[in-house]
$ cat run.csv   # CSV, C-alpha atoms
chain,number,residue,atom,x,y,z
A,1,VAL,CA,-28.0,45.6,-37.1
A,2,GLN,CA,-25.2,46.0,-39.6
A,3,LEU,CA,-21.9,44.2,-39.8
A,4,GLN,CA,-18.9,45.4,-41.9
A,5,ALA,CA,-16.1,42.9,-42.4
A,6,SER,CA,-12.6,43.9,-43.5
A,7,GLY,CA,-9.1,42.7,-43.5
A,8,GLY,CA,-9.0,40.0,-46.1
A,9,GLY,CA,-6.4,39.8,-48.8
A,10,LEU,CA,-3.9,37.6,-50.6
A,11,VAL,CA,-1.3,35.9,-48.5
A,12,GLN,CA,1.1,32.9,-48.7
A,13,ALA,CA,0.7,29.7,-46.7
A,14,GLY,CA,2.0,30.2,-43.2
A,15,ASP,CA,1.2,33.9,-43.1
A,16,SER,CA,-1.3,35.6,-40.8
A,17,LEU,CA,-4.3,37.9,-41.3
A,18,ARG,CA,-6.5,39.8,-38.9
A,19,LEU,CA,-10.1,40.2,-39.9
A,20,SER,CA,-12.3,42.9,-38.3
A,21,CYS,CA,-16.1,43.2,-38.1
A,22,ALA,CA,-17.5,46.5,-37.1
A,23,VAL,CA,-20.9,46.1,-35.6
A,24,SER,CA,-23.5,48.9,-35.5
A,25,GLY,CA,-27.0,48.8,-34.2
A,26,ARG,CA,-26.3,46.5,-31.3
A,27,THR,CA,-23.6,46.3,-28.6
A,28,LEU,CA,-21.5,43.2,-28.5
A,29,THR,CA,-22.7,42.3,-25.0
A,30,PHE,CA,-26.1,41.5,-26.5
A,31,GLY,CA,-26.1,38.4,-28.6
A,32,ASP,CA,-23.6,35.9,-29.9
A,33,TRP,CA,-21.2,36.7,-32.7
A,34,GLY,CA,-19.5,34.4,-35.2
A,35,TRP,CA,-17.2,34.2,-38.1
A,36,PHE,CA,-18.3,32.0,-41.0
A,37,ARG,CA,-16.6,31.2,-44.3
A,38,GLN,CA,-17.6,30.0,-47.7
A,39,ALA,CA,-15.1,28.5,-50.1
A,40,PRO,CA,-15.8,28.2,-53.9
A,41,GLY,CA,-18.3,25.5,-54.6
A,42,LYS,CA,-18.9,24.8,-50.9
A,43,GLU,CA,-21.5,25.6,-48.4
A,44,ARG,CA,-21.0,28.3,-45.8
A,45,GLU,CA,-19.5,26.9,-42.6
A,46,PHE,CA,-19.0,28.2,-39.0
A,47,VAL,CA,-15.4,29.0,-38.1
A,48,ALA,CA,-15.4,30.7,-34.7
A,49,GLY,CA,-17.8,32.3,-32.3
A,50,THR,CA,-17.9,34.4,-29.1
A,51,ARG,CA,-20.7,34.7,-26.7
A,52,GLY,CA,-21.9,38.2,-26.0
A,53,ARG,CA,-22.3,38.1,-22.3
A,54,THR,CA,-19.6,35.7,-21.2
A,55,GLY,CA,-17.0,36.0,-23.9
A,56,ILE,CA,-16.8,32.2,-24.1
A,57,THR,CA,-15.3,31.2,-27.5
A,58,THR,CA,-15.9,28.3,-29.7
A,59,TYR,CA,-13.9,27.1,-32.7
A,60,THR,CA,-14.2,24.4,-35.3
A,61,ASP,CA,-11.4,21.8,-35.3
A,62,SER,CA,-9.8,23.4,-38.4
A,63,ALA,CA,-9.5,26.7,-36.6
A,64,LYS,CA,-8.4,25.5,-33.1
A,65,GLY,CA,-4.9,26.5,-32.3
A,66,ARG,CA,-4.6,28.8,-35.4
A,67,PHE,CA,-7.5,31.3,-35.2
A,68,THR,CA,-8.5,33.5,-32.3
A,69,ILE,CA,-11.7,35.4,-32.0
A,70,THR,CA,-11.8,38.5,-29.8
A,71,ARG,CA,-14.0,41.4,-29.1
A,72,ASP,CA,-13.2,45.1,-28.7
A,73,TYR,CA,-16.0,46.7,-26.7
A,74,ALA,CA,-14.7,50.2,-27.2
A,75,GLU,CA,-14.9,49.9,-31.0
A,76,ASN,CA,-17.8,47.4,-30.9
A,77,THR,CA,-15.8,45.2,-33.2
A,78,VAL,CA,-15.2,41.5,-33.5
A,79,HIS,CA,-11.8,40.4,-34.7
A,80,LEU,CA,-10.5,37.1,-36.1
A,81,GLN,CA,-6.8,36.6,-35.9
A,82,MET,CA,-5.7,33.9,-38.3
A,83,ASN,CA,-2.3,32.4,-38.1
A,84,SER,CA,-0.5,29.7,-40.0
A,85,LEU,CA,-2.9,30.1,-42.9
A,86,LYS,CA,-3.3,27.2,-45.3
A,87,PRO,CA,-4.6,27.1,-48.9
A,88,GLU,CA,-7.7,25.4,-47.7
A,89,ASP,CA,-8.5,28.5,-45.6
A,90,THR,CA,-9.2,30.3,-48.9
A,91,ALA,CA,-12.8,31.6,-48.7
A,92,VAL,CA,-15.0,34.6,-48.3
A,93,TYR,CA,-15.2,35.2,-44.6
A,94,TYR,CA,-18.4,36.7,-43.0
A,95,CYS,CA,-19.2,37.9,-39.6
A,96,ALA,CA,-22.7,37.4,-38.2
A,97,ALA,CA,-25.0,37.7,-35.3
A,98,THR,CA,-26.1,34.2,-34.6
A,99,SER,CA,-28.1,31.9,-32.4
A,100,SER,CA,-26.4,30.5,-29.4
A,101,ASN,CA,-25.6,27.2,-31.2
A,102,TRP,CA,-24.1,29.1,-34.2
A,103,VAL,CA,-26.6,27.6,-36.5
A,104,ARG,CA,-29.1,30.3,-37.2
A,105,VAL,CA,-27.8,33.6,-38.7
A,106,TYR,CA,-29.7,36.6,-37.7
A,107,TYR,CA,-27.6,39.3,-39.4
A,108,ILE,CA,-24.6,38.9,-41.7
A,109,GLY,CA,-22.1,41.2,-43.2
A,110,GLN,CA,-21.0,41.4,-46.8
A,111,GLY,CA,-17.9,39.3,-46.4
A,112,THR,CA,-14.2,39.7,-47.0
A,113,LEU,CA,-12.1,37.5,-49.3
A,114,VAL,CA,-9.1,35.6,-48.0
A,115,THR,CA,-6.9,33.9,-50.5
A,116,VAL,CA,-4.0,31.8,-49.4
A,117,SER,CA,-1.5,30.7,-52.0
A,118,SER,CA,0.7,27.6,-51.6

$ encode --input "run.csv" --output "structure tokens"
Amino acid sequence: VQLQASGGGLVQAGDSLRLSCAVSGRTLTFGDWGWFRQAPGKEREFVAGTRGRTGITTYTDSAKGRFTITRDYAENTVHLQMNSLKPEDTAVYYCAATSSNWVRVYYIGQGTLVTVSS
């Protein structure tokens, strides 16, 4: 399984970005898929996830109401729409195939950098 994340960039606070994760080697209906991020000097943290079979989504408190995770079955791609970005959202964002509790990462992409200026 390979995951290719894209869509990061430099934006100002309040702006939006849409990250994409192209998945190959497995269709999205098999497995659970998540977005994680790692800020400088911090550990990697879970941001949002979507269950492969049901499409049920989960968000951390910091992402609720601002971020939306979706799946495009035709493109076998997972997206993360991020609105109202804050400087504290600055991090490298990774997409991953994970365990159902979003703890164990089975496969992870190379990451895409999001920088939010104040």

$ residues_around --input "run.csv" --residues "Ala48 (chain A)" --least-positions-apart "2" --cutoff "12 Å" --atoms "all atoms listed in the file" --output "VMD selection string"
chain A and resid 32 to 37 45 to 46 50 to 51 56 to 70 78 to 82 93 to 98 101 to 103

$ residues_around --input "run.csv" --residues "Asp15 (chain A)" --least-positions-apart "6" --cutoff "12 Å" --atoms "all atoms listed in the file" --output "ChimeraX atom specification"
/A:9,66,81-87,89,114-118

$ atom_distance --input "run.csv" --atom1 "CA of Lys42 (chain A)" --atom2 "CA of Leu10 (chain A)"
19.7 Å

$ atom_distance --input "run.csv" --atom1 "CA of Ser6 (chain A)" --atom2 "CA of Ala22 (chain A)"
8.5 Å

$ closest_residue --input "run.csv" --among "A:Leu19, A:Asn76, A:Glu88, A:Gln38" --to "Gln2 (chain A)" --atoms "all atoms listed in the file"
A:Asn76

$ closest_residue --input "run.csv" --among "A:Ala91, A:Gly8, A:Ser24, A:Ala74" --to "Val47 (chain A)" --atoms "all atoms listed in the file"
A:Ala91

$ atom_distance --input "run.csv" --atom1 "CA of Val105 (chain A)" --atom2 "CA of Leu28 (chain A)"
15.4 Å

$ closest_residue --input "run.csv" --among "A:Thr77, A:Glu43, A:Val11, A:Thr29" --to "Gly55 (chain A)" --atoms "only C-alpha atoms"
A:Thr29

$ closest_residue --input "run.csv" --among "A:Thr90, A:Tyr107, A:Arg71, A:Val1" --to "Arg26 (chain A)" --atoms "only C-alpha atoms"
A:Val1

$ build_atoms --input "run.csv" --residues "region 89-102 of chain A" --atoms "N, CA, C and O atoms" --output "PDB file, in the coordinates of the input"
ATOM      1  N   ASP A  89      -7.801  27.416 -46.304  1.00  0.00           N
ATOM      2  CA  ASP A  89      -8.500  28.500 -45.600  1.00  0.00           C
ATOM      3  C   ASP A  89      -9.051  29.532 -46.592  1.00  0.00           C
ATOM      4  O   ASP A  89      -9.764  30.455 -46.189  1.00  0.00           O
ATOM      5  N   THR A  90      -8.720  29.388 -47.854  1.00  0.00           N
ATOM      6  CA  THR A  90      -9.200  30.300 -48.900  1.00  0.00           C
ATOM      7  C   THR A  90     -10.732  30.303 -48.920  1.00  0.00           C
ATOM      8  O   THR A  90     -11.342  29.249 -49.105  1.00  0.00           O
ATOM      9  N   ALA A  91     -11.336  31.477 -48.746  1.00  0.00           N
ATOM     10  CA  ALA A  91     -12.800  31.600 -48.700  1.00  0.00           C
ATOM     11  C   ALA A  91     -13.181  33.040 -48.533  1.00  0.00           C
ATOM     12  O   ALA A  91     -12.335  33.893 -48.230  1.00  0.00           O
ATOM     13  N   VAL A  92     -14.454  33.292 -48.693  1.00  0.00           N
ATOM     14  CA  VAL A  92     -15.000  34.600 -48.300  1.00  0.00           C
ATOM     15  C   VAL A  92     -15.430  34.411 -46.815  1.00  0.00           C
ATOM     16  O   VAL A  92     -16.159  33.474 -46.480  1.00  0.00           O
ATOM     17  N   TYR A  93     -14.953  35.296 -45.976  1.00  0.00           N
ATOM     18  CA  TYR A  93     -15.200  35.200 -44.600  1.00  0.00           C
ATOM     19  C   TYR A  93     -16.303  36.277 -44.197  1.00  0.00           C
ATOM     20  O   TYR A  93     -16.218  37.444 -44.604  1.00  0.00           O
ATOM     21  N   TYR A  94     -17.270  35.816 -43.441  1.00  0.00           N
ATOM     22  CA  TYR A  94     -18.400  36.700 -43.000  1.00  0.00           C
ATOM     23  C   TYR A  94     -18.474  36.700 -41.509  1.00  0.00           C
ATOM     24  O   TYR A  94     -18.234  35.691 -40.846  1.00  0.00           O
ATOM     25  N   CYS A  95     -18.854  37.845 -40.992  1.00  0.00           N
ATOM     26  CA  CYS A  95     -19.200  37.900 -39.600  1.00  0.00           C
ATOM     27  C   CYS A  95     -20.709  38.011 -39.465  1.00  0.00           C
ATOM     28  O   CYS A  95     -21.371  38.535 -40.360  1.00  0.00           O
ATOM     29  N   ALA A  96     -21.211  37.508 -38.351  1.00  0.00           N
ATOM     30  CA  ALA A  96     -22.700  37.400 -38.200  1.00  0.00           C
ATOM     31  C   ALA A  96     -23.097  37.445 -36.769  1.00  0.00           C
ATOM     32  O   ALA A  96     -22.348  37.039 -35.876  1.00  0.00           O
ATOM     33  N   ALA A  97     -24.306  37.879 -36.576  1.00  0.00           N
ATOM     34  CA  ALA A  97     -25.000  37.700 -35.300  1.00  0.00           C
ATOM     35  C   ALA A  97     -25.773  36.413 -35.412  1.00  0.00           C
ATOM     36  O   ALA A  97     -26.519  36.226 -36.374  1.00  0.00           O
ATOM     37  N   THR A  98     -25.559  35.516 -34.462  1.00  0.00           N
ATOM     38  CA  THR A  98     -26.100  34.200 -34.600  1.00  0.00           C
ATOM     39  C   THR A  98     -26.879  33.711 -33.393  1.00  0.00           C
ATOM     40  O   THR A  98     -26.886  34.362 -32.360  1.00  0.00           O
ATOM     41  N   SER A  99     -27.485  32.558 -33.557  1.00  0.00           N
ATOM     42  CA  SER A  99     -28.100  31.900 -32.400  1.00  0.00           C
ATOM     43  C   SER A  99     -26.992  31.325 -31.531  1.00  0.00           C
ATOM     44  O   SER A  99     -25.829  31.247 -31.934  1.00  0.00           O
ATOM     45  N   SER A 100     -27.361  30.903 -30.338  1.00  0.00           N
ATOM     46  CA  SER A 100     -26.400  30.500 -29.400  1.00  0.00           C
ATOM     47  C   SER A 100     -25.668  29.167 -29.800  1.00  0.00           C
ATOM     48  O   SER A 100     -24.586  28.854 -29.307  1.00  0.00           O
ATOM     49  N   ASN A 101     -26.262  28.421 -30.724  1.00  0.00           N
ATOM     50  CA  ASN A 101     -25.600  27.200 -31.200  1.00  0.00           C
ATOM     51  C   ASN A 101     -24.917  27.395 -32.542  1.00  0.00           C
ATOM     52  O   ASN A 101     -24.522  26.430 -33.190  1.00  0.00           O
ATOM     53  N   TRP A 102     -24.824  28.682 -32.972  1.00  0.00           N
ATOM     54  CA  TRP A 102     -24.100  29.100 -34.200  1.00  0.00           C
ATOM     55  C   TRP A 102     -24.729  28.533 -35.454  1.00  0.00           C
ATOM     56  O   TRP A 102     -24.102  28.520 -36.505  1.00  0.00           O
TER      57      TRP A 102
END
